[in-house]
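Here the structure is laid out as structure tokens; the discussion comes afterwards.
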Amino acid sequence: MKHLKSLFVITIIFGIALTFQSRAAEVSSLRGPIDLDQDTKSPEMKKYPKDGEPIVRDYVQQPPLVPHSIARYKIKLKSNKCLSCHSWKNYRQYDATKISQTHFEDRDDNVLANVSARRYFCTQCHVPQVDAKPLVENEFKPVTAISGE
Ligand code: HEC
Ligand code: HEC
């Protein structure tokens with residue numbers, strides 16, 4: 001009886017797996033009409049502009065986009081390359097924007113002496129840009145009331 005039961009469970013699980021597999025084959029991904037279980041050609045490396053003017057923000061709370069290449073800038077446990085230019089200690093020397101005051105606050109609104117852990121991984125929010133064709137159209141419009149237009 002016990003064997004019968006487990007056989008029944010296995011059959012059900014297998015059935016569910018099969019259903020999902022046939023669904024997966026129908027998914028059309030942004031990579032084009034390819035089988036999702038096949039390796040794809042890696043996309044061409046994009047060329048990031050080396051350095052540019054700050055990029056206009058689209059809404060008040062937007063993390064500013066990075067106007068320079070970040071190719072070899074590593075963020076590790078003991079060192080953060082971004083902070084070597086953007087920290088309050090170094091920003092003047094490199095003529096970089098200093099990190100925002102908000103980056104010193106922890107989640108309980110305590111103001112810390114150093115960058116808060118939740119703002120340590122800069123690229124979680126700040127991303128560089130390339131002049132590339134968008135994969136999907138973006139119709140975002142800022143709320144004019146707060147953008148002051
Ligand atoms: C070698 C110094 C240097 C390093 C390292 C560096 N930056 Fe910058 N960054 C600058 C300078 C200088 C600017 C001001 C604009 C310009 O001249 O490119 C800037 C601008 C920015 C801005 C735009 C600020 C605004 O107000 O629009 C962001 C965001 C930024 N950097 C994020 C980063 C992140 C994230 C990293 C790490 C992955 C990083 N930067 C590493 C020098 C640096
Ligand atoms: C959780 C998201 C998040 C992380 C992580 C983060 N930032 Fe930001 N950053 C923002 C937002 C949102 C703003 C704009 C609003 C503000 O000032 O808080 C901003 C603003 C800035 C500015 C512009 C400040 C100004 O006065 O205009 C700089 C420079 C910057 N961040 C650099 C960094 C660096 C360097 C790191 C990593 C040490 C980092 N940020 C980590 C979200 C983030």
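Residues are referred to by chain and number: the chain letter is A, B, ... according to the order shown in the structure tokens, the number counts from 1 in that chain, and ligands are numbered separately from 1 in the order shown.
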Do you know which residues are within 6 Å of ligand 1 using only C-alpha atoms and all ligand atoms? Can you write them as a PDB file with N, CA and C atoms, in the first residue's frame?
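Writing done, so here's out-v6.pdb:
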```pdb
ATOM      1  N   ASP A  51      33.564  59.027 -19.862  1.00  0.00           N
ATOM      2  CA  ASP A  51      33.249  60.064 -18.886  1.00  0.00           C
ATOM      3  C   ASP A  51      32.293  61.057 -19.523  1.00  0.00           C
ATOM      4  N   GLY A  52      31.333  61.516 -18.770  1.00  0.00           N
ATOM      5  CA  GLY A  52      30.409  62.487 -19.349  1.00  0.00           C
ATOM      6  C   GLY A  52      29.823  63.381 -18.282  1.00  0.00           C
ATOM      7  N   GLU A  53      28.968  64.278 -18.713  1.00  0.00           N
ATOM      8  CA  GLU A  53      28.279  65.175 -17.784  1.00  0.00           C
ATOM      9  C   GLU A  53      27.231  64.363 -17.029  1.00  0.00           C
ATOM     10  N   PRO A  54      26.867  64.787 -15.793  1.00  0.00           N
ATOM     11  CA  PRO A  54      25.776  64.114 -15.083  1.00  0.00           C
ATOM     12  C   PRO A  54      24.522  64.023 -15.954  1.00  0.00           C
ATOM     13  N   ILE A  55      23.789  62.933 -15.863  1.00  0.00           N
ATOM     14  CA  ILE A  55      22.599  62.698 -16.689  1.00  0.00           C
ATOM     15  C   ILE A  55      21.362  63.204 -15.949  1.00  0.00           C
ATOM     16  N   PRO A  64      20.679  58.804  -9.313  1.00  0.00           N
ATOM     17  CA  PRO A  64      21.267  59.297 -10.562  1.00  0.00           C
ATOM     18  C   PRO A  64      21.996  58.201 -11.326  1.00  0.00           C
ATOM     19  N   LEU A  65      21.887  58.263 -12.667  1.00  0.00           N
ATOM     20  CA  LEU A  65      22.578  57.299 -13.522  1.00  0.00           C
ATOM     21  C   LEU A  65      24.072  57.629 -13.517  1.00  0.00           C
ATOM     22  N   VAL A  66      24.886  56.618 -13.760  1.00  0.00           N
ATOM     23  CA  VAL A  66      26.334  56.822 -13.707  1.00  0.00           C
ATOM     24  C   VAL A  66      26.818  57.335 -15.066  1.00  0.00           C
ATOM     25  N   PRO A  67      27.394  58.540 -15.132  1.00  0.00           N
ATOM     26  CA  PRO A  67      27.781  59.100 -16.430  1.00  0.00           C
ATOM     27  C   PRO A  67      29.200  58.726 -16.850  1.00  0.00           C
ATOM     28  N   HIS A  68      29.742  57.647 -16.279  1.00  0.00           N
ATOM     29  CA  HIS A  68      31.092  57.227 -16.673  1.00  0.00           C
ATOM     30  C   HIS A  68      31.171  55.700 -16.650  1.00  0.00           C
ATOM     31  N   ILE A  70      32.246  52.028 -15.531  1.00  0.00           N
ATOM     32  CA  ILE A  70      32.611  51.491 -14.212  1.00  0.00           C
ATOM     33  C   ILE A  70      33.282  50.127 -14.382  1.00  0.00           C
ATOM     34  N   TYR A  73      35.728  48.912 -11.675  1.00  0.00           N
ATOM     35  CA  TYR A  73      35.490  49.389 -10.312  1.00  0.00           C
ATOM     36  C   TYR A  73      34.844  48.297  -9.477  1.00  0.00           C
ATOM     37  N   LYS A  81      35.532  50.740  -4.641  1.00  0.00           N
ATOM     38  CA  LYS A  81      36.187  51.671  -5.563  1.00  0.00           C
ATOM     39  C   LYS A  81      35.368  52.956  -5.741  1.00  0.00           C
ATOM     40  N   CYS A  82      34.057  52.836  -5.759  1.00  0.00           N
ATOM     41  CA  CYS A  82      33.210  54.015  -5.950  1.00  0.00           C
ATOM     42  C   CYS A  82      33.486  55.053  -4.865  1.00  0.00           C
ATOM     43  N   SER A  84      36.179  55.575  -3.343  1.00  0.00           N
ATOM     44  CA  SER A  84      37.495  56.204  -3.411  1.00  0.00           C
ATOM     45  C   SER A  84      37.407  57.557  -4.115  1.00  0.00           C
ATOM     46  N   CYS A  85      36.314  57.810  -4.867  1.00  0.00           N
ATOM     47  CA  CYS A  85      36.105  59.133  -5.461  1.00  0.00           C
ATOM     48  C   CYS A  85      34.887  59.839  -4.867  1.00  0.00           C
ATOM     49  N   TYR A  94      38.713  64.427  -6.364  1.00  0.00           N
ATOM     50  CA  TYR A  94      38.413  63.855  -7.682  1.00  0.00           C
ATOM     51  C   TYR A  94      37.343  64.632  -8.430  1.00  0.00           C
ATOM     52  N   ASP A  95      36.878  65.727  -7.820  1.00  0.00           N
ATOM     53  CA  ASP A  95      35.842  66.543  -8.442  1.00  0.00           C
ATOM     54  C   ASP A  95      34.593  65.710  -8.747  1.00  0.00           C
ATOM     55  N   ALA A  96      34.305  64.759  -7.865  1.00  0.00           N
ATOM     56  CA  ALA A  96      33.141  63.881  -8.041  1.00  0.00           C
ATOM     57  C   ALA A  96      31.999  64.363  -7.143  1.00  0.00           C
ATOM     58  N   THR A  97      30.784  63.981  -7.496  1.00  0.00           N
ATOM     59  CA  THR A  97      29.630  64.324  -6.655  1.00  0.00           C
ATOM     60  C   THR A  97      29.765  63.566  -5.335  1.00  0.00           C
ATOM     61  N   CYS A 122      26.704  50.107  -4.395  1.00  0.00           N
ATOM     62  CA  CYS A 122      26.248  51.232  -5.208  1.00  0.00           C
ATOM     63  C   CYS A 122      25.502  50.801  -6.472  1.00  0.00           C
ATOM     64  N   THR A 123      26.008  49.755  -7.127  1.00  0.00           N
ATOM     65  CA  THR A 123      25.455  49.397  -8.438  1.00  0.00           C
ATOM     66  C   THR A 123      24.105  48.684  -8.338  1.00  0.00           C
ATOM     67  N   HIS A 126      22.671  52.437  -8.791  1.00  0.00           N
ATOM     68  CA  HIS A 126      23.270  53.345  -9.780  1.00  0.00           C
ATOM     69  C   HIS A 126      23.853  52.540 -10.931  1.00  0.00           C
TER      70      HIS A 126
END
```
So which residues of chain A fall under helix (DSSP H, G or I) by DSSP, listed as JSON, numbers by chain? {"A": [2, 3, 4, 5, 6, 7, 8, 9, 10, 11, 12, 13, 14, 15, 16, 17, 18, 19, 20, 21, 22, 23, 24, 25, 26, 83, 84, 85, 86, 91, 92, 93, 94, 101, 102, 103, 104, 117, 118, 119, 122, 123, 124, 144, 145, 146, 147]}
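Nearest residue to Glu105 in chain A among A:Val56, A:Tyr120, A:Tyr91, A:Asp131 is A:Tyr120, counting only C-alpha atoms.
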6 Å from ligand 2 is the threshold here; counting only C-alpha atoms and all ligand atoms, which polymer residues fall inside it? Answer as a list in words. Gln61, Gln62, Pro63, Pro64, Cys82, Leu83, His86, Thr97, Lys98, Ile99, Ser100, Thr102, Arg118, Arg119, Tyr120, Phe121, Cys122, Gln124 and Cys125 of chain A
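With distances restricted to only C-alpha atoms, A:Ala132 is the closest residue to Met45 in chain A from A:Lys78, A:Ala132, A:His3, A:Val60.
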Using only C-alpha atoms, which of the listed residues (A:His103, A:Leu135, A:Pro33, A:Gln129) sits closest to Lys47 in chain A? A:Gln129
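A straight line drawn from CA of Leu36 in chain A to CA of Val127 in chain A is 27.4 Å long.
Atom pair CA of Arg72 in chain A / CA of Val130 in chain A: separated by 16.4 Å.
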Quick one: everything within 8 Å of Asp106 in chain A, counting only C-alpha atoms, minus sequence neighbours fewer than 4 positions away in the same chain. Send it as a list in words. Asn110, Val111, Leu112, Ser116, Ala117 and Arg118 of chain A
Residues within 10 Å of range 28-32 of chain A, please, as number ranges by chain. Count only C-alpha atoms; anything in the same chain fewer than 4 positions from it doesn't count. A: 24, 36, 40-41, 43, 135-136
